[in-house]
Amino acid sequence: MSGAIFLAWSIDISFVALMLALVLAFIRLAKGPTLADRVVGLDMMTTLIVVFCGVFSIIANDRTFLDVALVVALIGFLATVALARFVERRLNRRNREEQS
Amino acid sequence: MSDYITGILLLTGGFLAIIAGLGILRLPDVLVRMHASTKAGTLSAGLVMAAAIVYFWELEVLFRGALIVGFLMLTAPVAAHMIGRAALRTGAAPDTRDLTRNPRQ
């Protein structure tokens with residue numbers, strides 16, 4: 001098997017694996033019993049989209065998609081931190097309403 | 001030769017992504033599920049970025065890949081710590097079941 005054919009096959013296989021992992025993380029996002037489960041699933045999906053951008057830059061032979069991956073990683077971190085703080089703040093507000 | 005290295009790195013990254021997905025779906029608890037999402041997911045991202053670096057083999061791609069992987073490795077523990085603290089405060093108790101197949105008596 002020559003190098004180019006092996007590379008094409010491994011790109012296809014890793015693409016399918018990434019899509020499967022995205023579907024599994026989405027099932028956790030839709031199903032998750034608590035809000036923290038959903039935040040974990042969303043964080044995982046962001047990391048997988050960064051990986052997807054890396055694979056797609058190899059498929060398209062275009063290194064611009066690596067910039068997209070960097071920006072998605074930045075925004076995903078901000079979203080995760082904001083959601084985690086939202087979960088905590090909602091709990092604090094509920095405690096304060098019970099006290100008053 | 002670089003095609004084979006790229007392919008093997010891509011296959012390992014996809015395999016780790018599937019492991020992370022299975023872990024996030026099948027593990028029993030929020031605090032356990034975070035392990036799959038942060039560790040296996042970050043390692044998968046690192047392997048795929050290494051594949052891109054080997055495939056393009058240029059200095060700017062090397063810088064960008066190193067930046068992405070370094071940023072992910074810097075932020076994944078912080079994000080996981082914040083989610084874990086929020087989950088613990090909203091009442092997710094750590095699961096203390098014995099998860100081994102044949103627990104020793």
# chains A, B, ... in the order shown; residues from 1 in each chain; ligands from 1

call {"tool": "residues_around", "arguments": {"residues": "Thr80 of chain A", "least_positions_apart": "3", "cutoff": "7 Å", "atoms": "only C-alpha atoms", "output": "NGL selection string"}}
result
(:A and (39 or 43 or 76-77 or 83-84)) or (:B and (79))

call {"tool": "write_last_selection", "arguments": {"atoms": "N, CA and C atoms", "output": "tab-separated table (two decimals), in the first residue's frame"}}
result
chain	number	residue	atom	x	y	z
A	39	VAL	N	-22.83	20.67	30.57
A	39	VAL	CA	-21.65	21.53	30.36
A	39	VAL	C	-20.45	20.68	29.98
A	43	ASP	N	-18.33	21.02	26.49
A	43	ASP	CA	-16.88	21.20	26.50
A	43	ASP	C	-16.20	20.17	25.61
A	76	GLY	N	-14.38	28.32	23.07
A	76	GLY	CA	-14.89	27.20	23.85
A	76	GLY	C	-14.50	27.30	25.31
A	77	PHE	N	-13.26	27.75	25.56
A	77	PHE	CA	-12.83	27.92	26.96
A	77	PHE	C	-13.68	28.98	27.65
A	83	LEU	N	-20.39	29.09	31.59
A	83	LEU	CA	-21.46	28.18	32.00
A	83	LEU	C	-21.24	27.66	33.40
A	84	ALA	N	-19.97	27.35	33.76
A	84	ALA	CA	-19.70	26.85	35.11
A	84	ALA	C	-20.02	27.91	36.15
B	79	ALA	N	-10.81	24.70	33.08
B	79	ALA	CA	-12.24	24.51	32.80
B	79	ALA	C	-12.78	23.32	33.57

call {"tool": "residues_around", "arguments": {"residues": "segment 52-54 of chain B", "least_positions_apart": "2", "cutoff": "10 Å", "atoms": "only C-alpha atoms", "output": "VMD selection string"}}
result
(chain A and resid 54 to 59 61 63 66) or (chain B and resid 2 to 3 5 to 7 9 to 10 46 to 50 56 to 66)

call {"tool": "closest_atom_pairs", "arguments": {"of": "chain A", "to": "chain B", "cutoff": "8 Å", "atoms": "only C-alpha atoms", "output": "tab-separated table"}}
result
residue	atom	partner	partner_atom	distance
A:Gly3	CA	B:Asp3	CA	5.2
A:Ala4	CA	B:Asp3	CA	6.4
A:Phe6	CA	B:Gly7	CA	6.7
A:Leu7	CA	B:Gly7	CA	4.9
A:Ser10	CA	B:Gly7	CA	5.2
A:Ile11	CA	B:Leu10	CA	6.7
A:Ile13	CA	B:Leu11	CA	7.0
A:Ser14	CA	B:Gly14	CA	4.4
A:Phe15	CA	B:Gly14	CA	7.2
A:Ala17	CA	B:Gly14	CA	5.2
A:Leu18	CA	B:Gly14	CA	5.8
A:Leu20	CA	B:Ile18	CA	6.7
A:Ala21	CA	B:Gly21	CA	4.5
A:Leu22	CA	B:Gly21	CA	7.0
A:Leu24	CA	B:Gly21	CA	5.3
A:Ala25	CA	B:Gly21	CA	5.7
A:Ile27	CA	B:Leu25	CA	7.4
A:Arg28	CA	B:Leu25	CA	5.8
A:Ala36	CA	B:Ala87	CA	5.6
A:Asp37	CA	B:Val30	CA	5.7
A:Val39	CA	B:Ile83	CA	7.5
A:Val40	CA	B:Met34	CA	6.4
A:Gly41	CA	B:Ile24	CA	7.3
A:Asp43	CA	B:Ser37	CA	7.5
A:Met44	CA	B:Ser37	CA	5.2
A:Thr47	CA	B:Gly41	CA	6.4
A:Leu48	CA	B:Gly41	CA	7.1
A:Val50	CA	B:Ala45	CA	7.0
A:Val51	CA	B:Ala45	CA	5.1
A:Gly54	CA	B:Met49	CA	6.0
A:Val55	CA	B:Val48	CA	6.7
A:Ser57	CA	B:Ala52	CA	7.4
A:Ile58	CA	B:Ala52	CA	6.2
A:Arg63	CA	B:Val61	CA	7.1
A:Leu66	CA	B:Arg64	CA	6.9
A:Asp67	CA	B:Arg64	CA	7.5
A:Ala69	CA	B:Ile68	CA	7.4
A:Leu70	CA	B:Ile68	CA	5.5
A:Ala73	CA	B:Leu72	CA	6.9
A:Phe77	CA	B:Thr75	CA	6.6
A:Thr80	CA	B:Ala79	CA	6.3
A:Val81	CA	B:Ala79	CA	5.9
A:Ala84	CA	B:Ile83	CA	5.2
A:Arg85	CA	B:Ala86	CA	7.3
A:Val87	CA	B:Ala86	CA	6.2
A:Glu88	CA	B:Ala86	CA	5.3
A:Leu91	CA	B:Thr90	CA	6.7

call {"tool": "atom_distance", "arguments": {"atom1": "atom CA of Leu35 of chain A", "atom2": "atom CA of Lys39 of chain B"}}
result
20.9 Å

call {"tool": "atom_distance", "arguments": {"atom1": "atom CA of Ala79 of chain A", "atom2": "atom CA of Leu42 of chain A"}}
result
9.0 Å
